[in-house]
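Q: For reference, the file work23.cif (mmCIF, C-alpha atoms) is included below:
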```
data_model
loop_
_atom_site.label_atom_id
_atom_site.label_comp_id
_atom_site.auth_asym_id
_atom_site.auth_seq_id
_atom_site.Cartn_x
_atom_site.Cartn_y
_atom_site.Cartn_z
CA MET A 1 -40.63 -109.14 32.44
CA ALA A 2 -38.83 -107.23 29.68
CA ASP A 3 -35.84 -106.90 32.01
CA ASN A 4 -35.29 -110.65 31.82
CA LEU A 5 -35.38 -110.75 28.05
CA TYR A 6 -33.27 -109.54 25.19
CA SER A 7 -33.93 -109.95 21.50
CA HIS A 8 -31.96 -112.97 20.40
CA GLN A 9 -29.80 -112.32 17.34
CA SER A 10 -29.28 -115.49 15.39
CA THR A 11 -25.68 -115.83 14.30
CA ILE A 12 -26.90 -116.76 10.83
CA THR A 13 -28.72 -113.57 9.96
CA THR A 14 -31.80 -113.16 7.79
CA THR A 15 -29.52 -111.44 5.28
CA ALA A 16 -27.19 -114.44 5.13
CA LYS A 17 -30.13 -116.79 4.65
CA SER A 18 -31.58 -114.56 1.92
CA GLN A 19 -28.29 -114.33 0.05
CA ARG A 20 -28.20 -118.08 -0.29
CA LEU A 21 -31.83 -118.24 -1.40
CA GLY A 22 -31.46 -115.60 -4.09
CA HIS A 23 -34.59 -113.72 -3.08
CA GLN A 24 -35.61 -111.40 -0.28
CA PRO A 25 -37.94 -112.50 2.51
CA CYS A 26 -41.36 -110.91 2.87
CA VAL A 27 -44.93 -111.37 4.05
CA VAL A 28 -47.68 -111.58 1.42
CA TRP A 29 -50.83 -110.92 3.42
CA LEU A 30 -54.01 -111.96 1.59
CA THR A 31 -57.22 -110.47 2.98
CA GLY A 32 -60.77 -110.84 1.73
CA LEU A 33 -64.21 -112.29 2.32
CA SER A 34 -64.83 -115.98 2.87
CA GLY A 35 -65.09 -117.47 -0.62
CA SER A 36 -63.10 -114.67 -2.24
CA GLY A 37 -60.46 -117.20 -3.25
CA LYS A 38 -57.67 -116.55 -0.77
CA SER A 39 -56.65 -120.21 -0.32
CA THR A 40 -56.87 -120.94 -4.05
CA LEU A 41 -54.74 -117.89 -4.77
CA ALA A 42 -52.29 -118.71 -1.97
CA ASN A 43 -51.74 -122.16 -3.42
CA ALA A 44 -51.35 -120.90 -6.98
CA LEU A 45 -48.94 -118.20 -5.81
CA GLU A 46 -46.91 -120.73 -3.85
CA ARG A 47 -46.71 -123.03 -6.87
CA ARG A 48 -45.41 -120.16 -8.98
CA LEU A 49 -42.89 -119.08 -6.34
CA PHE A 50 -41.73 -122.67 -5.87
CA VAL A 51 -41.07 -122.98 -9.61
CA LEU A 52 -39.06 -119.75 -9.36
CA GLY A 53 -36.91 -121.40 -6.69
CA CYS A 54 -38.30 -119.49 -3.74
CA ARG A 55 -38.58 -120.70 -0.21
CA THR A 56 -42.21 -120.30 0.72
CA HIS A 57 -44.93 -121.45 3.05
CA ILE A 58 -48.62 -120.78 3.56
CA LEU A 59 -50.25 -119.86 6.85
CA ASP A 60 -53.92 -120.49 6.43
CA GLY A 61 -56.89 -119.70 8.64
CA ASP A 62 -57.76 -123.34 8.74
CA ASN A 63 -54.41 -124.93 9.54
CA VAL A 64 -53.52 -122.28 12.12
CA ARG A 65 -56.98 -122.47 13.68
CA LEU A 66 -56.56 -126.22 14.19
CA GLY A 67 -53.18 -125.87 15.90
CA LEU A 68 -51.66 -122.69 17.27
CA ASN A 69 -54.98 -120.90 17.65
CA SER A 70 -57.17 -123.85 18.56
CA ASP A 71 -57.85 -122.13 21.90
CA LEU A 72 -59.52 -119.17 20.16
CA GLY A 73 -63.14 -118.75 19.06
CA PHE A 74 -64.72 -116.17 16.79
CA SER A 75 -65.54 -113.36 19.24
CA PRO A 76 -64.12 -109.94 18.26
CA GLU A 77 -61.39 -110.32 20.92
CA ASP A 78 -60.46 -113.81 19.78
CA ARG A 79 -60.41 -112.78 16.11
CA GLN A 80 -58.08 -109.94 17.03
CA GLU A 81 -55.79 -112.28 18.98
CA ASN A 82 -55.93 -114.76 16.08
CA ILE A 83 -54.59 -112.14 13.67
CA ARG A 84 -52.04 -110.83 16.19
CA ARG A 85 -50.48 -114.27 16.60
CA ILE A 86 -50.48 -114.89 12.86
CA GLY A 87 -48.69 -111.58 12.29
CA GLU A 88 -46.01 -112.63 14.77
CA VAL A 89 -45.60 -116.10 13.23
CA ALA A 90 -45.43 -114.54 9.75
CA ASN A 91 -42.62 -112.35 11.06
CA LEU A 92 -40.74 -115.40 12.37
CA PHE A 93 -41.02 -117.05 8.94
CA ALA A 94 -39.92 -113.89 7.15
CA GLU A 95 -36.94 -113.60 9.49
CA SER A 96 -36.02 -117.15 8.48
CA GLY A 97 -35.74 -115.90 4.89
CA ALA A 98 -39.04 -117.17 3.51
CA VAL A 99 -41.72 -115.58 1.39
CA ILE A 100 -44.57 -116.33 3.76
CA ILE A 101 -48.12 -116.21 2.39
CA THR A 102 -50.99 -115.70 4.82
CA ALA A 103 -54.60 -116.36 3.81
CA PHE A 104 -57.08 -115.04 6.37
CA ILE A 105 -60.25 -113.01 6.14
CA SER A 106 -58.58 -110.52 8.54
CA PRO A 107 -61.53 -108.12 8.30
CA TYR A 108 -60.23 -105.25 10.44
CA GLN A 109 -57.87 -102.57 9.18
CA ALA A 110 -56.31 -102.11 12.63
CA ASP A 111 -55.44 -105.80 12.94
CA ARG A 112 -53.87 -105.88 9.47
CA GLN A 113 -51.92 -102.75 10.32
CA ARG A 114 -50.66 -104.37 13.50
CA ALA A 115 -49.52 -107.42 11.52
CA ARG A 116 -47.62 -105.08 9.20
CA PHE A 117 -45.90 -103.43 12.14
CA ALA A 118 -45.02 -106.80 13.71
CA THR A 119 -42.96 -107.65 10.66
CA HIS A 120 -39.41 -106.43 10.32
CA GLN A 121 -39.35 -107.49 6.68
CA PRO A 122 -41.27 -106.17 3.64
CA PHE A 123 -45.01 -106.65 3.99
CA PHE A 124 -47.48 -106.65 1.09
CA GLU A 125 -51.18 -106.40 1.77
CA VAL A 126 -53.16 -108.03 -1.03
CA HIS A 127 -56.88 -107.37 -1.16
CA VAL A 128 -58.52 -110.46 -2.62
CA SER A 129 -61.67 -108.79 -3.84
CA ALA A 130 -64.88 -110.40 -5.03
CA ASP A 131 -68.37 -109.06 -4.51
CA LEU A 132 -70.43 -110.62 -1.77
CA ASP A 133 -72.89 -112.22 -4.23
CA THR A 134 -70.06 -114.06 -5.95
CA CYS A 135 -68.58 -115.23 -2.64
CA GLU A 136 -71.97 -116.34 -1.40
CA GLU A 137 -72.63 -118.22 -4.62
CA ARG A 138 -69.29 -120.03 -4.38
CA ASP A 139 -69.74 -120.77 -0.65
CA PRO A 140 -67.15 -123.59 -0.78
CA LYS A 141 -67.70 -124.60 2.83
CA GLY A 142 -71.43 -123.85 3.07
CA LEU A 143 -70.74 -121.13 5.62
CA TYR A 144 -72.84 -118.39 4.03
CA LYS A 145 -75.81 -120.72 4.04
CA LYS A 146 -75.29 -121.34 7.77
CA ALA A 147 -74.80 -117.62 8.43
CA ARG A 148 -78.00 -116.71 6.56
CA ALA A 149 -79.81 -119.37 8.56
CA GLY A 150 -78.47 -117.86 11.78
CA ILE A 151 -76.55 -121.01 12.66
CA ILE A 152 -73.25 -119.07 12.55
CA LYS A 153 -73.24 -115.67 14.24
CA GLY A 154 -70.86 -112.79 13.50
CA PHE A 155 -70.01 -113.98 10.01
CA THR A 156 -67.95 -111.48 8.00
CA GLY A 157 -70.02 -109.89 5.23
CA ILE A 158 -73.35 -111.01 6.72
CA ASP A 159 -73.57 -109.80 10.30
CA ALA A 160 -69.97 -108.70 10.90
CA PRO A 161 -68.13 -106.02 8.95
CA TYR A 162 -65.32 -106.38 6.43
CA GLU A 163 -63.20 -103.25 6.34
CA ILE A 164 -61.93 -102.85 2.78
CA PRO A 165 -58.16 -102.16 2.72
CA ARG A 166 -57.52 -98.48 2.14
CA ASN A 167 -53.90 -98.85 1.14
CA ALA A 168 -53.53 -102.35 -0.25
CA ASP A 169 -50.26 -102.93 -2.06
CA VAL A 170 -52.14 -105.01 -4.61
CA THR A 171 -55.85 -105.54 -5.29
CA VAL A 172 -56.90 -108.56 -7.29
CA HIS A 173 -60.45 -109.17 -8.50
CA THR A 174 -61.16 -112.85 -8.42
CA ASP A 175 -64.68 -112.31 -9.79
CA THR A 176 -63.36 -110.91 -13.07
CA GLN A 177 -59.71 -112.03 -13.29
CA SER A 178 -58.36 -115.56 -13.66
CA VAL A 179 -56.24 -117.09 -10.90
CA GLU A 180 -53.25 -116.78 -13.21
CA GLN A 181 -53.89 -113.07 -13.77
CA CYS A 182 -54.15 -112.53 -10.02
CA VAL A 183 -50.89 -114.39 -9.42
CA ASN A 184 -49.23 -112.29 -12.12
CA ARG A 185 -50.27 -109.09 -10.36
CA ILE A 186 -48.69 -110.24 -7.10
CA ILE A 187 -45.53 -111.48 -8.80
CA ASP A 188 -45.23 -108.10 -10.55
CA CYS A 189 -45.49 -106.38 -7.18
CA LEU A 190 -42.80 -108.63 -5.65
CA THR A 191 -40.55 -108.10 -8.65
CA SER A 192 -40.88 -104.32 -8.68
CA ASN A 193 -40.09 -104.31 -4.96
CA GLN A 194 -36.90 -106.36 -5.52
CA ILE A 195 -38.15 -109.34 -3.57
CA LEU A 196 -37.65 -111.63 -6.58
CA MET B 1 -65.96 -124.67 15.48
CA ALA B 2 -64.24 -127.69 13.96
CA ASP B 3 -67.19 -128.05 11.58
CA ASN B 4 -66.17 -124.82 9.87
CA LEU B 5 -62.56 -125.89 9.44
CA TYR B 6 -60.62 -128.41 7.48
CA SER B 7 -56.90 -129.02 7.53
CA HIS B 8 -55.48 -127.09 4.60
CA GLN B 9 -53.26 -129.21 2.36
CA SER B 10 -50.72 -127.05 0.60
CA THR B 11 -50.36 -128.04 -3.02
CA ILE B 12 -46.59 -127.92 -2.61
CA THR B 13 -46.21 -130.63 0.00
CA THR B 14 -43.62 -130.88 2.73
CA THR B 15 -42.16 -133.82 0.81
CA ALA B 16 -41.75 -131.71 -2.34
CA LYS B 17 -40.08 -128.95 -0.34
CA SER B 18 -37.77 -131.45 1.36
CA GLN B 19 -36.76 -133.09 -1.91
CA ARG B 20 -35.48 -129.78 -3.19
CA LEU B 21 -33.64 -129.03 0.04
CA GLY B 22 -31.86 -132.37 0.18
CA HIS B 23 -32.66 -132.99 3.82
CA GLN B 24 -35.67 -133.99 5.86
CA PRO B 25 -37.52 -131.53 8.06
CA CYS B 26 -37.56 -131.99 11.82
CA VAL B 27 -37.78 -130.29 15.19
CA VAL B 28 -34.67 -130.19 17.39
CA TRP B 29 -36.06 -129.36 20.81
CA LEU B 30 -33.39 -128.16 23.26
CA THR B 31 -34.41 -128.27 26.91
CA GLY B 32 -32.39 -127.40 30.00
CA LEU B 33 -31.86 -124.99 32.86
CA SER B 34 -31.29 -121.29 32.39
CA GLY B 35 -27.57 -120.93 31.74
CA SER B 36 -27.17 -124.50 30.51
CA GLY B 37 -26.13 -123.17 27.12
CA LYS B 38 -29.23 -123.71 24.97
CA SER B 39 -28.91 -120.51 22.95
CA THR B 40 -25.18 -120.93 22.47
CA LEU B 41 -25.73 -124.49 21.32
CA ALA B 42 -28.68 -123.52 19.09
CA ASN B 43 -26.53 -120.94 17.34
CA ALA B 44 -23.59 -123.30 16.91
CA LEU B 45 -25.89 -126.02 15.62
CA GLU B 46 -27.53 -123.63 13.17
CA ARG B 47 -24.12 -122.51 11.91
CA ARG B 48 -23.15 -126.13 11.27
CA LEU B 49 -26.45 -126.95 9.58
CA PHE B 50 -26.21 -123.82 7.44
CA VAL B 51 -22.75 -124.86 6.24
CA LEU B 52 -24.23 -128.26 5.38
CA GLY B 53 -26.78 -126.46 3.18
CA CYS B 54 -29.75 -126.97 5.46
CA ARG B 55 -32.72 -124.69 5.77
CA THR B 56 -32.93 -123.84 9.45
CA HIS B 57 -34.26 -121.36 11.95
CA ILE B 58 -34.13 -120.87 15.71
CA LEU B 59 -37.12 -120.28 17.95
CA ASP B 60 -35.78 -118.86 21.15
CA GLY B 61 -37.43 -118.14 24.47
CA ASP B 62 -36.41 -114.54 24.17
CA ASN B 63 -37.48 -113.69 20.62
CA VAL B 64 -40.77 -115.59 20.95
CA ARG B 65 -41.46 -114.04 24.35
CA LEU B 66 -41.06 -110.55 22.87
CA GLY B 67 -43.49 -111.23 20.01
CA LEU B 68 -45.92 -114.11 19.73
CA ASN B 69 -46.03 -114.79 23.46
CA SER B 70 -45.66 -111.23 24.73
CA ASP B 71 -49.11 -111.61 26.32
CA LEU B 72 -47.88 -114.42 28.58
CA GLY B 73 -46.19 -114.21 31.95
CA PHE B 74 -44.38 -116.86 33.98
CA SER B 75 -47.22 -118.47 35.92
CA PRO B 76 -47.49 -122.26 35.52
CA GLU B 77 -50.48 -121.80 33.16
CA ASP B 78 -48.70 -119.20 31.06
CA ARG B 79 -45.52 -121.28 30.88
CA GLN B 80 -47.63 -124.21 29.69
CA GLU B 81 -49.34 -122.05 27.04
CA ASN B 82 -45.94 -120.65 26.04
CA ILE B 83 -44.63 -124.12 25.28
CA ARG B 84 -47.88 -125.21 23.61
CA ARG B 85 -47.71 -122.35 21.12
CA ILE B 86 -44.03 -122.92 20.45
CA GLY B 87 -44.71 -126.59 19.71
CA GLU B 88 -47.36 -125.56 17.18
CA VAL B 89 -45.10 -122.97 15.54
CA ALA B 90 -42.26 -125.50 15.41
CA ASN B 91 -44.64 -127.83 13.60
CA LEU B 92 -45.49 -125.11 11.05
CA PHE B 93 -41.78 -124.59 10.39
CA ALA B 94 -41.13 -128.32 10.09
CA GLU B 95 -44.03 -128.64 7.66
CA SER B 96 -42.36 -125.93 5.58
CA GLY B 97 -39.35 -128.25 5.24
CA ALA B 98 -37.03 -126.66 7.80
CA VAL B 99 -34.88 -128.09 10.54
CA ILE B 100 -36.32 -125.93 13.29
CA ILE B 101 -34.31 -125.55 16.49
CA THR B 102 -36.11 -124.51 19.68
CA ALA B 103 -34.24 -123.28 22.73
CA PHE B 104 -36.46 -123.07 25.80
CA ILE B 105 -36.10 -124.18 29.39
CA SER B 106 -39.37 -126.15 28.89
CA PRO B 107 -39.13 -127.65 32.38
CA TYR B 108 -42.16 -129.96 32.31
CA GLN B 109 -42.18 -133.41 30.75
CA ALA B 110 -45.86 -133.17 29.86
CA ASP B 111 -45.38 -129.92 27.94
CA ARG B 112 -42.44 -131.32 25.99
CA GLN B 113 -44.46 -134.43 25.25
CA ARG B 114 -47.29 -132.29 23.95
CA ALA B 115 -44.89 -130.40 21.69
CA ARG B 116 -43.71 -133.75 20.32
CA PHE B 117 -47.27 -134.82 19.59
CA ALA B 118 -48.06 -131.47 17.93
CA THR B 119 -45.41 -132.17 15.33
CA HIS B 120 -46.14 -134.31 12.32
CA GLN B 121 -42.45 -134.46 11.47
CA PRO B 122 -39.53 -136.12 13.28
CA PHE B 123 -38.93 -134.61 16.71
CA PHE B 124 -35.69 -134.86 18.67
CA GLU B 125 -35.60 -133.91 22.32
CA VAL B 126 -32.13 -132.78 23.33
CA HIS B 127 -31.39 -132.46 27.02
CA VAL B 128 -28.86 -129.67 27.42
CA SER B 129 -27.48 -130.76 30.75
CA ALA B 130 -25.29 -128.81 33.15
CA ASP B 131 -25.36 -128.98 36.91
CA LEU B 132 -27.10 -126.19 38.72
CA ASP B 133 -23.87 -124.85 40.24
CA THR B 134 -22.37 -124.42 36.79
CA CYS B 135 -25.49 -122.70 35.45
CA GLU B 136 -25.65 -120.42 38.47
CA GLU B 137 -21.99 -119.54 38.11
CA ARG B 138 -22.47 -118.65 34.42
CA ASP B 139 -25.69 -116.70 35.11
CA PRO B 140 -25.39 -114.81 31.78
CA LYS B 141 -28.43 -112.63 32.44
CA GLY B 142 -28.05 -112.28 36.22
CA LEU B 143 -31.30 -114.19 36.72
CA TYR B 144 -30.07 -116.65 39.35
CA LYS B 145 -28.85 -113.76 41.45
CA LYS B 146 -32.30 -112.17 41.23
CA ALA B 147 -34.00 -115.49 41.98
CA ARG B 148 -31.79 -116.08 45.06
CA ALA B 149 -32.60 -112.55 46.21
CA GLY B 150 -36.33 -113.30 45.82
CA ILE B 151 -36.75 -110.62 43.13
CA ILE B 152 -37.83 -113.28 40.61
CA LYS B 153 -40.30 -115.89 41.85
CA GLY B 154 -40.86 -119.35 40.41
CA PHE B 155 -37.43 -119.57 38.79
CA THR B 156 -36.62 -123.01 37.37
CA GLY B 157 -34.00 -124.79 39.46
CA ILE B 158 -34.40 -122.44 42.43
CA ASP B 159 -38.05 -122.40 43.47
CA ALA B 160 -39.65 -124.14 40.49
CA PRO B 161 -38.90 -127.67 39.33
CA TYR B 162 -37.03 -128.84 36.24
CA GLU B 163 -38.19 -132.30 35.21
CA ILE B 164 -35.21 -134.08 33.68
CA PRO B 165 -36.11 -135.70 30.34
CA ARG B 166 -36.66 -139.42 30.79
CA ASN B 167 -36.38 -140.33 27.14
CA ALA B 168 -34.25 -137.64 25.53
CA ASP B 169 -33.07 -138.52 22.04
CA VAL B 170 -29.74 -136.91 22.85
CA THR B 171 -28.19 -135.69 26.10
CA VAL B 172 -25.29 -133.26 25.90
CA HIS B 173 -23.26 -132.16 28.92
CA THR B 174 -22.23 -128.56 28.46
CA ASP B 175 -20.35 -128.57 31.75
CA THR B 176 -17.90 -131.21 30.54
CA GLN B 177 -18.15 -131.20 26.73
CA SER B 178 -17.18 -128.43 24.31
CA VAL B 179 -19.84 -126.73 22.20
CA GLU B 180 -18.38 -128.48 19.18
CA GLN B 181 -18.66 -131.89 20.86
CA CYS B 182 -22.28 -131.17 21.74
CA VAL B 183 -23.07 -130.11 18.17
CA ASN B 184 -21.41 -133.29 16.90
CA ARG B 185 -23.68 -135.41 19.11
CA ILE B 186 -26.78 -133.77 17.67
CA ILE B 187 -25.52 -133.97 14.09
CA ASP B 188 -24.79 -137.69 14.63
CA CYS B 189 -28.38 -138.15 15.83
CA LEU B 190 -29.80 -136.32 12.80
CA THR B 191 -27.59 -138.31 10.46
CA SER B 192 -28.45 -141.69 11.93
CA ASN B 193 -32.14 -140.77 11.66
CA GLN B 194 -31.76 -139.90 7.96
CA ILE B 195 -32.56 -136.23 8.47
CA LEU B 196 -29.24 -135.19 6.91
#
```
Show me, as structure tokens, the structure contained in the file I just sent.

A:
Amino acid sequence: MADNLYSHQSTITTTAKSQRLGHQPCVVWLTGLSGSGKSTLANALERRLFVLGCRTHILDGDNVRLGLNSDLGFSPEDRQENIRRIGEVANLFAESGAVIITAFISPYQADRQRARFATHQPFFEVHVSADLDTCEERDPKGLYKKARAGIIKGFTGIDAPYEIPRNADVTVHTDTQSVEQCVNRIIDCLTSNQIL
Amino acid sequence: MADNLYSHQSTITTTAKSQRLGHQPCVVWLTGLSGSGKSTLANALERRLFVLGCRTHILDGDNVRLGLNSDLGFSPEDRQENIRRIGEVANLFAESGAVIITAFISPYQADRQRARFATHQPFFEVHVSADLDTCEERDPKGLYKKARAGIIKGFTGIDAPYEIPRNADVTVHTDTQSVEQCVNRIIDCLTSNQIL
């Protein structure tokens, strides 16, 4: 198959698109337990970036699961394929010049690593950390309750593992820091890496 | 599964992103035979849109095939899944405010129709038309030669069908019109539909 294909170089390069935008493209990969605050943080981060004039978008477990990955379930293989596709789509967005924010549990180190390698642009892994008790207390979608009742099987943190990032570029603690403080930490990281 | 999911509404809406950009988002879906000039046209269109200040990107059979859809082959089922995923990714880009250009053979009417339905933003199907002899003479990747020799099976136009769009929003004839004329036709369509 590879014989029939060649990587298509857009005439308007990522560099040209970035120069106009005034910021560099990158992937901001949020990872953490259900209820750790990934979507809240993704939205707050996007608001801040938008005010700064950045071109951004959010890929979210929910919106991607309803469209692109609607054919996938929650088996280990399907979760792996879910994250693989998201890493590839994040790369496409980054190549278009955007700061693309992804908000997925993405519990496995190997899958996150693969997403990093799929991206030809800077990639920042952000561990959205909150202890399990806090997440379970928040339980915004009632999923922990269902998992404890055995209605949902293989739920991360209950009966499926969450592999804590070993080399996160940023760790934010949503159980002790405000959303604004967490956003500040990520913005600082993007600034010190010359993205902004 | 759907019980666990809800469509994630970004706080910064597509409308807000569009207002800043000064144009509406949409999908420009190029369809046509191999060698009909889709990639050439996509690049020329993107150049024109970029000069006009638009936020654009190209999804191309080749770059998507090497990444997101690298797990898919060229069986009818895989070709269908290929186009399904691309329709969903195009929708994600359009929701981010972009004019997203897709350049795929996309030979089946039903698949193109599904891509249109997957998009919540305006969708323009552009038939990139050139007669088979012209395409085969161009044969930029030597694929027709391989298909005629039986090395490639199921090649669109040779031993697999191309269903001509019945209701294309624009038809361009790359065998009789210049690239610039073809781009003009598409720009006229986008303008008259208040995208630009």

Q: Would you mind listing, as a VMD selection string, all residues of chain B that have at least one atom within 9 Å of chain A, where all atoms listed in the file are what counts?

A: chain B and resid 1 to 2 4 to 12 17 39 42 to 44 46 to 47 50 55 to 69 73 to 74 84 to 89 92 to 93 95 to 96 118 141 to 143

Q: Hey, which of B:Asp169, B:Asp78, B:Asp175, B:Asp111 ends up closest to Glu136 (chain B)? Count only C-alpha atoms.

A: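 Nearest candidate to Glu136 (chain B) out of B:Asp169, B:Asp78, B:Asp175, B:Asp111: B:Asp175.
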
Q: May I have the protein, DNA and RNA residues with an atom at most 7 Å from (-39.4, -133.1, 10.6), counting only C-alpha atoms in the file's coordinates, returned as a PyMOL selection string?

A: chain B and resi 24-27+94+99+121-123

Q: Would you save the residues of that selection, restricted to C-alpha atoms, as a PDB file, in the frame of the given file?

A:
```
ATOM      1  CA  GLN B  24     -35.670-133.990   5.860  1.00  0.00           C
ATOM      2  CA  PRO B  25     -37.520-131.530   8.060  1.00  0.00           C
ATOM      3  CA  CYS B  26     -37.560-131.990  11.820  1.00  0.00           C
ATOM      4  CA  VAL B  27     -37.780-130.290  15.190  1.00  0.00           C
ATOM      5  CA  ALA B  94     -41.130-128.320  10.090  1.00  0.00           C
ATOM      6  CA  VAL B  99     -34.880-128.090  10.540  1.00  0.00           C
ATOM      7  CA  GLN B 121     -42.450-134.460  11.470  1.00  0.00           C
ATOM      8  CA  PRO B 122     -39.530-136.120  13.280  1.00  0.00           C
ATOM      9  CA  PHE B 123     -38.930-134.610  16.710  1.00  0.00           C
TER      10      PHE B 123
END
```

Q: Would you pick out the contacts of Arg185 (chain A) at 12 Å or less, using all atoms listed in the file, so that residues sharing its chain but fewer than 3 positions from it are not included, and give the list as number ranges by chain?

A: A: 41, 45, 126-128, 169-174, 177-182, 188-192

Q: Mind working out the centre and edge lengths of an axis-aligned box for region 23-29 of chain A, all listed atoms inside, 4 Å added to each side, rounded to one decimal in Å and written as JSON?

A:
```
{"center_x": -42.7, "center_y": -112.3, "center_z": 0.5, "size_x": 24.2, "size_y": 10.8, "size_z": 15.1}
```

Q: Considering only C-alpha atoms, state which residue in the set B:Ala110, B:Leu33, B:Ala168, B:Val183 is at the smallest distance from Phe124 (chain B).

A: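 Comparing B:Ala110, B:Leu33, B:Ala168, B:Val183 against Phe124 (chain B), the winner is B:Ala168.
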
Q: Which residue is closest to Asp131 (chain B)? Choose from B:Asn184, B:Ser36, B:Ile101, B:Ile164 and count only C-alpha atoms.

A: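 Once distances to Asp131 (chain B) are computed over only C-alpha atoms, the minimum belongs to B:Ser36.
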
Q: Could you state the separation of CA of Cys54 (chain B) and CA of Leu30 (chain B) in Å, given to one decimal place?

A: 18.2 Å

Q: Any chance you could resolve the PyMOL selection byres ((chain B and resi 135) around 10) against this file and give the residues as a PyMOL selection string?

A: chain B and resi 32-37+129-134+136-140+144+157+174-175

Q: Given the selection you just returned, output its residues as a file containing C-alpha atoms, formatted as a CSV table (one decimal), in the coordinates of the input.

A:
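Once written, selection31.csv looks like this:
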```csv
chain,number,residue,atom,x,y,z
B,32,GLY,CA,-32.4,-127.4,30.0
B,33,LEU,CA,-31.9,-125.0,32.9
B,34,SER,CA,-31.3,-121.3,32.4
B,35,GLY,CA,-27.6,-120.9,31.7
B,36,SER,CA,-27.2,-124.5,30.5
B,37,GLY,CA,-26.1,-123.2,27.1
B,129,SER,CA,-27.5,-130.8,30.8
B,130,ALA,CA,-25.3,-128.8,33.2
B,131,ASP,CA,-25.4,-129.0,36.9
B,132,LEU,CA,-27.1,-126.2,38.7
B,133,ASP,CA,-23.9,-124.8,40.2
B,134,THR,CA,-22.4,-124.4,36.8
B,136,GLU,CA,-25.6,-120.4,38.5
B,137,GLU,CA,-22.0,-119.5,38.1
B,138,ARG,CA,-22.5,-118.6,34.4
B,139,ASP,CA,-25.7,-116.7,35.1
B,140,PRO,CA,-25.4,-114.8,31.8
B,144,TYR,CA,-30.1,-116.6,39.4
B,157,GLY,CA,-34.0,-124.8,39.5
B,174,THR,CA,-22.2,-128.6,28.5
B,175,ASP,CA,-20.4,-128.6,31.8
```

Q: How far is it from CA of His23 (chain B) to CA of Arg48 (chain B), in Å with one decimal?

A: 13.9 Å

Q: Identify which of the residues B:Gln80, B:Ile158, B:Gly22, B:Trp29 lies closest to Tyr108 (chain B), counting all atoms listed in the file when measuring atom-to-atom distances.

A: B:Gln80

Q: Might you pull out every residue within 7 Å of Pro107 (chain B), with only C-alpha atoms counted and same-chain residues fewer than 4 positions away left off, and present them as a list in words?

A: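 Counting only C-alpha atoms, the residues come to Pro161, Tyr162 and Glu163 of chain B.
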
Q: In Å, how far is it from CA of Lys38 (chain B) to CA of Thr15 (chain A)?

A: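 Calculated distance between CA of Lys38 (chain B) and CA of Thr15 (chain A) is 23.2 Å.
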